[in-house]
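The file run25.txt contains compact mmCIF, C-alpha atoms:
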# COMPACT_ATOMS: atom_id res chain seq x y z
CA MET A 1 -50.12 60.59 12.21
CA VAL A 2 -50.83 61.66 15.82
CA PHE A 3 -54.47 62.43 14.94
CA GLU A 4 -54.97 59.08 13.16
CA LEU A 5 -53.32 57.21 16.04
CA PHE A 6 -55.53 59.02 18.57
CA ILE A 7 -58.72 58.06 16.71
CA ALA A 8 -57.55 54.44 16.23
CA GLY A 9 -56.81 54.19 19.95
CA ARG A 10 -60.22 55.62 20.87
CA TYR A 11 -61.94 53.09 18.59
CA LEU A 12 -60.11 50.26 20.35
CA LYS A 13 -60.85 51.57 23.85
CA ALA A 14 -64.42 52.76 23.31
CA LYS A 15 -67.35 50.66 24.45
CA ARG A 16 -69.02 49.35 21.34
CA LYS A 17 -72.66 48.47 20.90
CA GLU A 18 -71.59 45.19 19.33
CA GLY A 19 -69.48 43.35 21.87
CA PHE A 20 -68.87 40.67 19.24
CA ILE A 21 -66.37 42.97 17.51
CA SER A 22 -64.38 43.27 20.74
CA LEU A 23 -64.33 39.48 21.02
CA ILE A 24 -63.00 39.14 17.45
CA SER A 25 -60.28 41.72 18.22
CA PHE A 26 -59.30 39.81 21.35
CA LEU A 27 -59.22 36.53 19.42
CA SER A 28 -57.08 38.21 16.75
CA VAL A 29 -54.52 39.26 19.36
CA ALA A 30 -54.62 35.77 20.91
CA GLY A 31 -54.22 34.13 17.49
CA VAL A 32 -51.18 36.23 16.55
CA THR A 33 -49.71 35.63 20.03
CA LEU A 34 -50.07 31.85 19.80
CA GLY A 35 -48.78 31.73 16.23
CA VAL A 36 -45.67 33.79 16.96
CA MET A 37 -45.02 31.94 20.24
CA ALA A 38 -45.26 28.53 18.52
CA LEU A 39 -42.96 29.69 15.72
CA VAL A 40 -40.32 31.03 18.11
CA VAL A 41 -40.28 27.82 20.19
CA VAL A 42 -40.32 25.37 17.25
CA ILE A 43 -37.64 27.23 15.26
CA ALA A 44 -35.49 27.44 18.42
CA VAL A 45 -35.82 23.66 18.87
CA MET A 46 -34.92 23.05 15.20
CA SER A 47 -31.89 25.35 15.51
CA GLY A 48 -30.89 23.53 18.69
CA ALA A 49 -31.14 20.16 16.94
CA GLU A 50 -28.98 21.39 14.06
CA THR A 51 -26.34 22.77 16.46
CA ASP A 52 -26.39 19.58 18.53
CA PHE A 53 -25.91 17.39 15.45
CA ARG A 54 -23.08 19.63 14.27
CA LYS A 55 -21.28 19.41 17.62
CA ARG A 56 -21.63 15.63 17.74
CA ILE A 57 -20.38 15.17 14.18
CA LEU A 58 -17.46 17.57 14.61
CA GLY A 59 -16.52 15.71 17.78
CA LEU A 60 -15.72 12.69 15.58
CA GLU A 61 -14.90 14.11 12.16
CA PRO A 62 -12.16 16.44 10.88
CA HIS A 63 -13.33 19.80 9.60
CA ILE A 64 -11.66 19.19 6.21
CA LEU A 65 -10.52 15.93 4.60
CA VAL A 66 -7.66 15.75 2.09
CA MET A 67 -8.24 12.74 -0.19
CA ASN A 68 -6.74 11.30 -3.36
CA TYR A 69 -8.56 10.29 -6.55
CA SER A 70 -6.38 7.19 -6.79
CA GLY A 71 -7.52 6.00 -3.35
CA LYS A 72 -4.78 5.36 -0.83
CA PHE A 73 -1.60 7.45 -0.95
CA ASN A 74 1.71 7.64 0.88
CA ALA A 75 1.78 9.66 4.09
CA ASP A 76 4.09 12.54 3.22
CA SER A 77 5.51 14.13 6.38
CA SER A 78 6.48 17.32 4.50
CA LEU A 79 2.85 17.79 3.38
CA LEU A 80 1.62 17.35 6.95
CA THR A 81 4.18 19.89 8.16
CA GLU A 82 3.15 22.40 5.50
CA LEU A 83 -0.53 21.96 6.34
CA ASN A 84 0.12 22.47 10.05
CA GLN A 85 1.90 25.73 9.30
CA ARG A 86 -0.98 27.24 7.31
CA GLU A 87 -3.07 30.07 8.72
CA HIS A 88 -6.33 29.03 10.51
CA VAL A 89 -5.19 25.37 10.60
CA LYS A 90 -5.08 24.01 14.16
CA GLY A 91 -3.79 20.58 13.19
CA ALA A 92 -3.52 17.89 10.50
CA SER A 93 -3.38 14.13 10.97
CA PRO A 94 -3.26 11.02 8.74
CA ILE A 95 -6.25 8.64 8.79
CA LEU A 96 -6.77 5.13 7.43
CA PHE A 97 -10.31 3.79 6.90
CA ALA A 98 -10.87 0.04 6.85
CA GLN A 99 -13.77 -2.40 7.03
CA ALA A 100 -13.44 -5.51 9.16
CA MET A 101 -15.27 -8.10 11.24
CA ILE A 102 -14.86 -7.97 14.99
CA ARG A 103 -15.16 -11.24 16.87
CA SER A 104 -15.31 -11.87 20.59
CA SER A 105 -15.88 -15.01 22.63
CA ARG A 106 -19.61 -14.19 22.67
CA SER A 107 -20.50 -12.67 19.28
CA PHE A 108 -19.27 -10.97 16.12
CA SER A 109 -20.22 -7.91 14.08
CA GLY A 110 -19.13 -5.72 11.19
CA VAL A 111 -17.00 -2.73 12.15
CA MET A 112 -15.58 0.42 10.58
CA ILE A 113 -11.95 0.72 11.60
CA ARG A 114 -10.19 4.06 11.82
CA GLY A 115 -6.45 3.98 12.10
CA ILE A 116 -5.23 7.23 13.64
CA ASP A 117 -2.02 8.74 14.93
CA PRO A 118 -2.53 9.34 18.67
CA GLU A 119 -0.11 12.27 18.63
CA THR A 120 -2.13 14.33 16.12
CA GLY A 121 -5.49 12.59 15.62
CA PHE A 122 -6.94 12.94 19.11
CA GLY A 123 -9.62 15.29 17.73
CA LEU A 124 -11.25 12.25 16.12
CA VAL A 125 -12.12 10.50 19.37
CA LYS A 126 -14.46 12.51 21.56
CA GLY A 127 -13.33 12.87 25.16
CA PHE A 128 -9.75 11.61 24.69
CA SER A 129 -6.54 13.61 24.74
CA SER A 130 -3.38 12.69 22.84
CA LYS A 131 -1.80 11.31 26.00
CA GLN A 132 -4.86 9.19 26.81
CA LEU A 133 -5.03 7.81 23.26
CA LYS A 134 -1.35 6.89 23.26
CA LYS A 135 -1.78 5.05 26.55
CA ARG A 136 -4.79 3.10 25.25
CA PHE A 137 -3.10 2.19 21.96
CA ASP A 138 0.14 1.00 23.58
CA LYS A 139 0.72 -2.74 23.65
CA ASP A 140 -0.29 -4.33 26.94
CA LYS A 141 2.64 -6.46 28.08
CA LEU A 142 0.48 -8.19 30.68
CA ASN A 143 -1.91 -9.46 27.97
CA GLU A 144 0.28 -11.25 25.42
CA ASN A 145 1.66 -7.89 24.21
CA LEU A 146 -1.68 -7.10 22.48
CA PRO A 147 -2.33 -3.62 21.02
CA GLY A 148 -5.27 -1.62 22.31
CA ILE A 149 -8.57 -0.86 20.57
CA ILE A 150 -11.27 1.69 21.48
CA LEU A 151 -14.82 0.59 20.61
CA GLY A 152 -18.06 2.49 20.36
CA ARG A 153 -20.14 1.76 23.45
CA ALA A 154 -23.07 0.33 21.46
CA LEU A 155 -20.67 -1.84 19.44
CA ALA A 156 -19.03 -3.15 22.60
CA GLY A 157 -22.48 -4.04 23.92
CA SER A 158 -23.51 -5.80 20.72
CA VAL A 159 -20.43 -8.07 20.70
CA GLY A 160 -20.58 -8.52 24.48
CA VAL A 161 -17.20 -7.13 25.55
CA ILE A 162 -16.04 -4.79 28.29
CA LYS A 163 -12.76 -3.08 29.08
CA GLY A 164 -9.97 -5.67 29.30
CA ASP A 165 -11.61 -8.27 27.02
CA LYS A 166 -9.82 -9.61 23.95
CA VAL A 167 -11.23 -9.36 20.42
CA ILE A 168 -10.11 -10.43 16.94
CA LEU A 169 -10.29 -8.15 13.92
CA MET A 170 -10.60 -9.91 10.55
CA SER A 171 -9.88 -7.89 7.43
CA PRO A 172 -10.95 -8.95 3.91
CA LYS A 173 -7.38 -8.14 2.85
CA GLY A 174 -5.79 -11.56 3.33
CA PHE A 175 -3.67 -14.04 1.43
CA ILE A 176 -4.08 -17.26 -0.54
CA SER A 177 -2.79 -20.45 1.05
CA PRO A 178 -3.02 -24.18 0.19
CA MET A 179 -6.17 -24.15 2.36
CA GLY A 180 -7.69 -21.37 0.29
CA TYR A 181 -8.14 -17.67 0.92
CA ILE A 182 -7.39 -16.69 4.53
CA PRO A 183 -8.42 -13.23 5.77
CA SER A 184 -5.95 -11.09 7.66
CA MET A 185 -6.53 -11.41 11.41
CA LYS A 186 -5.13 -9.59 14.40
CA ARG A 187 -5.89 -9.74 18.13
CA PHE A 188 -6.55 -6.66 20.22
CA ILE A 189 -7.46 -5.86 23.80
CA VAL A 190 -10.36 -3.49 24.51
CA THR A 191 -8.77 -0.62 26.43
CA ASP A 192 -11.76 1.74 26.45
CA THR A 193 -15.09 2.70 24.86
CA PHE A 194 -16.45 6.01 23.59
CA GLU A 195 -19.94 7.46 23.26
CA SER A 196 -20.58 10.19 20.70
CA GLY A 197 -24.35 10.37 21.14
CA MET A 198 -24.89 9.26 17.53
CA TYR A 199 -25.91 5.61 17.28
CA GLU A 200 -24.54 5.20 13.73
CA TYR A 201 -21.04 5.93 15.04
CA ASP A 202 -21.31 4.23 18.43
CA ASN A 203 -22.55 0.97 16.90
CA THR A 204 -20.05 0.65 14.04
CA MET A 205 -16.85 2.54 14.86
CA ALA A 206 -13.57 1.37 16.38
CA TYR A 207 -10.23 3.17 16.69
CA ILE A 208 -6.77 1.60 16.58
CA ASN A 209 -3.24 2.86 16.10
CA LEU A 210 -2.44 3.87 12.50
CA THR A 211 0.44 1.39 12.20
CA GLU A 212 -1.77 -1.48 13.42
CA ALA A 213 -4.47 -0.50 10.91
CA GLN A 214 -1.92 -0.45 8.08
CA GLN A 215 -0.75 -3.94 8.99
CA LEU A 216 -4.33 -5.22 9.21
CA ALA A 217 -5.28 -3.67 5.85
CA GLY A 218 -2.08 -4.91 4.20
CA VAL A 219 -0.83 -1.47 3.17
CA ASN A 220 2.63 -0.11 3.83
CA ASN A 221 2.85 3.48 5.05
CA GLN A 222 -0.31 4.40 3.13
CA ILE A 223 -3.36 6.32 4.28
CA ASP A 224 -6.85 7.17 2.96
CA ALA A 225 -7.01 10.81 4.03
CA ILE A 226 -5.47 13.64 5.98
CA GLY A 227 -7.81 15.23 8.51
CA ILE A 228 -7.53 18.98 9.04
CA TRP A 229 -8.90 20.89 12.03
CA ILE A 230 -9.45 24.65 11.71
CA ASP A 231 -10.12 27.48 14.15
CA ASP A 232 -13.54 28.42 12.72
CA VAL A 233 -15.72 25.60 11.36
CA PHE A 234 -17.97 28.06 9.49
CA LYS A 235 -15.02 29.24 7.40
CA ALA A 236 -14.33 25.73 6.11
CA LYS A 237 -15.30 26.65 2.52
CA SER A 238 -12.93 29.63 2.27
CA ILE A 239 -10.07 27.82 4.06
CA LYS A 240 -10.55 24.84 1.76
CA LYS A 241 -10.07 27.13 -1.26
CA SER A 242 -6.94 28.66 0.26
CA LEU A 243 -5.36 25.19 0.62
CA LYS A 244 -5.71 24.31 -3.05
CA ASP A 245 -2.39 25.96 -3.88
CA ILE A 246 -0.47 23.18 -2.08
CA LEU A 247 -2.93 20.35 -2.81
CA LYS A 248 -2.98 19.95 -6.56
CA SER A 249 -4.52 17.04 -8.48
CA PRO A 250 -4.88 14.10 -7.79
CA PHE A 251 -5.65 15.50 -4.30
CA TYR A 252 -9.09 16.90 -3.55
CA LEU A 253 -10.70 18.41 -0.47
CA ARG A 254 -14.02 17.78 1.26
CA ASP A 255 -15.25 19.83 4.21
CA TRP A 256 -17.63 18.74 6.97
CA MET A 257 -20.54 20.53 5.24
CA ASP A 258 -20.04 18.51 2.04
CA ILE A 259 -19.66 15.21 3.91
CA ASN A 260 -22.87 15.74 5.92
CA LYS A 261 -24.73 17.70 3.25
CA SER A 262 -27.81 15.46 3.17
CA LEU A 263 -28.30 15.59 6.97
CA PHE A 264 -28.06 19.38 7.23
CA ALA A 265 -30.14 19.86 4.07
CA ALA A 266 -32.89 17.70 5.63
CA LEU A 267 -32.75 19.73 8.87
CA LYS A 268 -32.91 22.99 6.93
CA LEU A 269 -35.85 21.75 4.86
CA GLU A 270 -37.68 20.64 8.01
CA LYS A 271 -37.04 24.00 9.63
CA THR A 272 -38.39 25.83 6.56
CA ALA A 273 -41.44 23.54 6.39
CA MET A 274 -42.25 24.14 10.07
CA PHE A 275 -41.92 27.89 9.53
CA ILE A 276 -44.38 27.80 6.61
CA ILE A 277 -46.87 25.53 8.41
CA LEU A 278 -46.90 27.52 11.64
CA THR A 279 -47.12 30.81 9.73
CA LEU A 280 -50.61 29.64 8.73
CA ILE A 281 -51.67 30.15 12.36
CA ILE A 282 -50.68 33.82 12.05
CA LEU A 283 -52.47 33.97 8.70
CA VAL A 284 -55.70 32.74 10.34
CA ALA A 285 -55.30 35.41 13.02
CA ALA A 286 -54.78 37.98 10.26
CA PHE A 287 -58.16 37.03 8.75
CA ASN A 288 -59.65 37.66 12.19
CA ILE A 289 -58.07 41.12 12.17
CA ALA A 290 -59.58 41.79 8.73
CA SER A 291 -63.01 40.57 9.95
CA ALA A 292 -62.86 42.77 13.05
CA LEU A 293 -61.93 45.83 10.98
CA ILE A 294 -64.70 45.20 8.40
CA MET A 295 -67.30 44.94 11.18
CA MET A 296 -65.83 48.05 12.80
CA VAL A 297 -66.13 49.96 9.51
CA MET A 298 -69.81 48.95 9.35
CA GLU A 299 -70.34 50.04 12.96
CA LYS A 300 -68.47 53.34 12.56
CA THR A 301 -70.23 54.42 9.36
CA LYS A 302 -71.55 57.65 10.93
CA ASP A 303 -68.18 58.44 12.53
CA ILE A 304 -66.44 58.08 9.17
CA ALA A 305 -69.03 60.33 7.53
CA VAL A 306 -68.59 63.01 10.23
CA LEU A 307 -64.79 62.86 9.94
CA LYS A 308 -64.99 63.26 6.17
CA ALA A 309 -67.46 66.13 6.53
CA MET A 310 -64.97 67.82 8.89
CA GLY A 311 -62.23 67.56 6.24
CA ALA A 312 -60.64 64.16 6.77
CA THR A 313 -59.24 62.81 3.51
CA ASN A 314 -59.47 59.25 2.19
CA LYS A 315 -55.80 58.84 3.14
CA THR A 316 -56.58 59.84 6.73
CA ILE A 317 -59.41 57.31 7.01
CA ARG A 318 -57.18 54.56 5.57
CA ARG A 319 -54.48 55.37 8.10
CA ILE A 320 -56.93 55.20 11.01
CA PHE A 321 -58.03 51.64 10.23
CA ILE A 322 -54.56 50.47 9.21
CA LEU A 323 -53.19 51.76 12.51
CA GLU A 324 -56.01 50.08 14.40
CA GLY A 325 -55.20 46.74 12.79
CA MET A 326 -51.47 47.26 13.33
CA ILE A 327 -52.02 47.94 17.04
CA ILE A 328 -53.65 44.50 17.28
CA GLY A 329 -50.82 42.99 15.21
CA PHE A 330 -48.04 44.67 17.21
CA LEU A 331 -49.63 43.68 20.51
CA GLY A 332 -50.01 40.03 19.44
CA THR A 333 -46.48 39.91 17.98
CA PHE A 334 -44.95 41.41 21.13
CA LEU A 335 -46.81 39.07 23.47
CA GLY A 336 -46.03 36.05 21.26
CA THR A 337 -42.32 36.91 20.93
CA PHE A 338 -41.97 37.61 24.66
CA SER A 339 -43.76 34.42 25.73
CA GLY A 340 -41.84 32.36 23.12
CA ILE A 341 -38.49 33.64 24.40
CA VAL A 342 -39.51 32.96 28.00
CA ILE A 343 -40.56 29.38 27.14
CA CYS A 344 -37.26 28.81 25.28
CA LEU A 345 -35.22 30.08 28.23
CA ILE A 346 -37.19 27.84 30.61
CA LEU A 347 -36.73 24.78 28.34
CA LYS A 348 -33.00 25.52 28.08
CA LYS A 349 -32.51 25.90 31.83
CA TYR A 350 -34.84 23.18 33.09
CA ASP A 351 -34.69 19.90 31.16
CA PHE A 352 -38.15 18.71 32.18
CA ILE A 353 -39.17 17.41 28.72
CA LYS A 354 -37.49 14.02 28.31
CA LEU A 355 -37.24 12.37 24.90
CA PRO A 356 -37.30 8.60 24.26
CA ASP A 357 -34.11 6.67 23.44
CA ALA A 358 -34.95 6.74 19.72
CA TYR A 359 -33.61 10.32 19.57
CA PRO A 360 -29.88 11.16 19.74
CA PHE A 361 -30.56 13.68 22.54
CA SER A 362 -32.32 13.02 25.84
CA THR A 363 -33.97 16.46 26.18
CA LEU A 364 -35.22 19.11 23.77
CA PRO A 365 -32.20 20.92 22.28
CA VAL A 366 -33.08 24.63 22.38
CA GLN A 367 -30.99 27.37 20.81
CA LEU A 368 -32.53 30.80 20.56
CA GLU A 369 -31.27 32.56 17.43
CA TYR A 370 -32.20 36.23 17.69
CA PHE A 371 -32.06 36.61 13.89
CA ASP A 372 -34.79 33.93 13.64
CA VAL A 373 -36.85 35.76 16.27
CA LEU A 374 -36.47 38.99 14.29
CA VAL A 375 -37.56 37.30 11.03
CA ILE A 376 -40.60 35.76 12.75
CA SER A 377 -41.64 39.10 14.30
CA ILE A 378 -41.25 41.03 11.05
CA SER A 379 -43.13 38.33 9.10
CA ALA A 380 -46.03 38.46 11.58
CA ILE A 381 -46.22 42.26 11.39
CA ILE A 382 -46.16 42.20 7.56
CA ILE A 383 -49.00 39.62 7.47
CA CYS A 384 -51.04 41.74 9.89
CA PHE A 385 -50.36 44.85 7.80
CA PHE A 386 -51.68 43.24 4.61
CA SER A 387 -54.81 42.10 6.47
CA THR A 388 -55.70 45.75 7.21
CA LEU A 389 -55.49 47.05 3.63
CA TYR A 390 -58.90 45.93 2.31
CA PRO A 391 -61.02 47.12 5.31
CA ALA A 392 -59.11 50.44 5.32
CA TYR A 393 -59.67 50.85 1.58
CA LYS A 394 -63.42 50.18 1.94
CA ALA A 395 -63.67 52.71 4.79
CA SER A 396 -61.85 55.40 2.78
CA LYS A 397 -64.18 54.95 -0.23
CA MET A 398 -67.33 55.45 1.83
CA ASP A 399 -69.56 58.33 0.65
CA PRO A 400 -70.25 60.62 3.68
CA VAL A 401 -73.65 61.75 2.32
CA GLU A 402 -74.88 58.19 1.86
CA ALA A 403 -73.43 57.18 5.21
CA ILE A 404 -75.27 59.95 7.08
CA ARG A 405 -78.50 59.37 5.17
CA TYR A 406 -78.68 55.62 5.78
CA GLY A 407 -76.50 55.34 8.92

Give the structure from this file in structure tokens form.
Amino acid sequence: MVFELFIAGRYLKAKRKEGFISLISFLSVAGVTLGVMALVVVIAVMSGAETDFRKRILGLEPHILVMNYSGKFNADSSLLTELNQREHVKGASPILFAQAMIRSSRSFSGVMIRGIDPETGFGLVKGFSSKQLKKRFDKDKLNENLPGIILGRALAGSVGVIKGDKVILMSPKGFISPMGYIPSMKRFIVTDTFESGMYEYDNTMAYINLTEAQQLAGVNNQIDAIGIWIDDVFKAKSIKKSLKDILKSPFYLRDWMDINKSLFAALKLEKTAMFIILTLIILVAAFNIASALIMMVMEKTKDIAVLKAMGATNKTIRRIFILEGMIIGFLGTFLGTFSGIVICLILKKYDFIKLPDAYPFSTLPVQLEYFDVLVISISAIIICFFSTLYPAYKASKMDPVEAIRYG
């Protein structure tokens, strides 16, 4: 292999009569470099977006939800205790979901109510501890003894309220009176707002104390789900299976991956599509490598004939041109990978690319996954390798007598 590598290196370094071949080789290196660099940066941005979405969602959602096929069920304290004692479980908390209308002195809007226990459900509200939640849910004796409510910041803006304003929640669960059907209504005071970074949550979500939510929904000591937080979110599937021994039918479990399956499937599909599309850039560069090698074979006809006359086998000739193409491929892949990593590190450290408000993040989310970089590099090298096979095969099949006679 040392002999073949020496000849391949000499062919790359030697001054050729046809400078056009050198230009094609340079363009081949540049093409592979740009393709690999673009792939590294784009895949890093896609990985960053997926990680960012996951962090935002898990800042508002339990890792696993225990639900009941019959709908609402009684909050069993012994079940909560047993769940809290299980391995890998950090905490479990009851949750009540309810739909309502929120009305202020300025406007009204639909709202998704979440009734939570401030002692155990603080993981549901991003940026609030158990102590802070309890303080905000406590009844304010200075304001007609009203209970507190925490609104999404976009929702608070849409109904025109700020901290300290009073609002009315109207639930479809009401009662029939001589005047007709009257919805259940309850007054609250806005004690705080939250911002998750996801508009769908910030514009529709509100948190109140679990007991207040049960009164508003007209249910007595009943809940919709038990939220479970675990120590490793990526082990949610296996932990979910391990909990089935204490959660028999009619209970069933849903993890955060199942709940947000469509979102993460779309992100994965987009990431795969971008990989395939940008790989075409490397494929174009690979055709340039093949073109350069074919022209080099035509130029080096006499050299090939002399090498064969001196005893070089077809296998040796194939190796020479494969190695020559692989040098171009390795050089382009290395430069592309290096420059892609550098660009990713710069984008991660300096947030100079600002995104419009339509996106959930203000700057490009970049997360460099070294496994992705490895896959991109190996894919580029494999494509470059296949581009060398035909020119190397043609060179090895050349008849030395004919080459010398007509060269």

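Proximity to Glu299 (chain A) was assessed for A:Ala75, A:Ala395, A:Leu323, A:Val2 counting only C-alpha atoms; the smallest distance is recorded for A:Ala395.
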
With only C-alpha atoms counted and 12 Å as the cut-off, give the residues of region 368-404 of chain A in contact with region 341-354 of chain A, each with its shortest interatomic distance in Å and the pair that gives it, as a Markdown table.
| residue | atom | partner | partner_atom | distance |
| --- | --- | --- | --- | --- |
| A:Leu368 | CA | A:Cys344 | CA | 7.0 |
| A:Glu369 | CA | A:Ile341 | CA | 10.1 |
| A:Tyr370 | CA | A:Ile341 | CA | 9.6 |
| A:Asp372 | CA | A:Ile341 | CA | 11.4 |
| A:Val373 | CA | A:Ile341 | CA | 8.6 |
| A:Leu374 | CA | A:Ile341 | CA | 11.6 |
| A:Ser377 | CA | A:Ile341 | CA | 11.9 |

### Task
Name the residues in contact with Leu80 (chain A) at a cut-off of 12 Å, using only C-alpha atoms, excluding same-chain residues fewer than 5 positions from it; report them as a PyMOL selection string.
chain A and resi 66+74-75+85-86+89-95+120+225-228+246-247

### Message
Please determine, counting only C-alpha atoms, which residue among A:Gln214, A:Lys308, A:Arg54, A:Lys240 has the shortest atom-to-atom distance to Tyr252 (chain A).
### Response
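For Tyr252 (chain A), the nearest of the candidates is A:Lys240.
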
Closest atom pairs, region 284-345 of chain A residues within 8 Å of region 22-27 of chain A, all atoms listed in the file, as a tab-separated table:
residue	atom	partner	partner_atom	distance
A:Ala285	CA	A:Leu27	CA	7.6
A:Asn288	CA	A:Ile24	CA	6.4
A:Ile289	CA	A:Ser25	CA	6.5
A:Ser291	CA	A:Ile24	CA	7.6
A:Ala292	CA	A:Ile24	CA	5.7
A:Ile328	CA	A:Ser25	CA	7.3

Where does region 65-122 of chain A meet region 162-168 of chain A within 10 Å, residue by residue, with the nearest atom pair and distance in Å to one decimal for each, counting all atoms listed in the file, listed by chain and rising number, as a tab-separated table?
residue	atom	partner	partner_atom	distance
A:Ala100	CA	A:Ile168	CA	9.8
A:Met101	CA	A:Ile168	CA	8.0
A:Ile102	CA	A:Ile168	CA	5.7
A:Arg103	CA	A:Ile168	CA	5.1
A:Ser104	CA	A:Val167	CA	4.8
A:Ser105	CA	A:Val167	CA	7.6
A:Arg106	CA	A:Val167	CA	9.9
A:Ser107	CA	A:Val167	CA	9.9
A:Phe108	CA	A:Ile168	CA	9.2

#### Entry: Distance in Å - CA of Leu133 (chain A) versus CA of Asn260 (chain A)
26.1 Å

#### Entry: d(CA of Ser249 (chain A), CA of Phe264 (chain A)) in Å
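Between CA of Ser249 (chain A) and CA of Phe264 (chain A) the gap works out to 28.4 Å.
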
### Task
With a distance cut-off of 10 Å and only C-alpha atoms, select the neighbouring residues of region 333-339 of chain A, excluding the residue or stretch itself and same-chain residues fewer than 3 positions from it, and output the selection as number ranges by chain.
A: 29-41, 282, 327-330, 342-345, 373-374, 376-381, 384

Please produce a file of those selected residues containing C-alpha atoms, as a compact mmCIF listing (two decimals), keeping the file's coordinate frame.
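Result file follows (again.txt):
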# COMPACT_ATOMS: atom_id res chain seq x y z
CA VAL A 29 -54.52 39.26 19.36
CA ALA A 30 -54.62 35.77 20.91
CA GLY A 31 -54.22 34.13 17.49
CA VAL A 32 -51.18 36.23 16.55
CA THR A 33 -49.71 35.63 20.03
CA LEU A 34 -50.07 31.85 19.80
CA GLY A 35 -48.78 31.73 16.23
CA VAL A 36 -45.67 33.79 16.96
CA MET A 37 -45.02 31.94 20.24
CA ALA A 38 -45.26 28.53 18.52
CA LEU A 39 -42.96 29.69 15.72
CA VAL A 40 -40.32 31.03 18.11
CA VAL A 41 -40.28 27.82 20.19
CA ILE A 282 -50.68 33.82 12.05
CA ILE A 327 -52.02 47.94 17.04
CA ILE A 328 -53.65 44.50 17.28
CA GLY A 329 -50.82 42.99 15.21
CA PHE A 330 -48.04 44.67 17.21
CA VAL A 342 -39.51 32.96 28.00
CA ILE A 343 -40.56 29.38 27.14
CA CYS A 344 -37.26 28.81 25.28
CA LEU A 345 -35.22 30.08 28.23
CA VAL A 373 -36.85 35.76 16.27
CA LEU A 374 -36.47 38.99 14.29
CA ILE A 376 -40.60 35.76 12.75
CA SER A 377 -41.64 39.10 14.30
CA ILE A 378 -41.25 41.03 11.05
CA SER A 379 -43.13 38.33 9.10
CA ALA A 380 -46.03 38.46 11.58
CA ILE A 381 -46.22 42.26 11.39
CA CYS A 384 -51.04 41.74 9.89

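Separating CA of Ser47 (chain A) from CA of Lys271 (chain A) is a distance of 7.9 Å.
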
### Message
Ranking A:Leu169, A:Val111, A:Ala273, A:Ile57 by minimum distance to Gly123 (chain A) and counting only C-alpha atoms, which one comes first?
### Response
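Checking each candidate against Gly123 (chain A), we get A:Ile57 as the closest.
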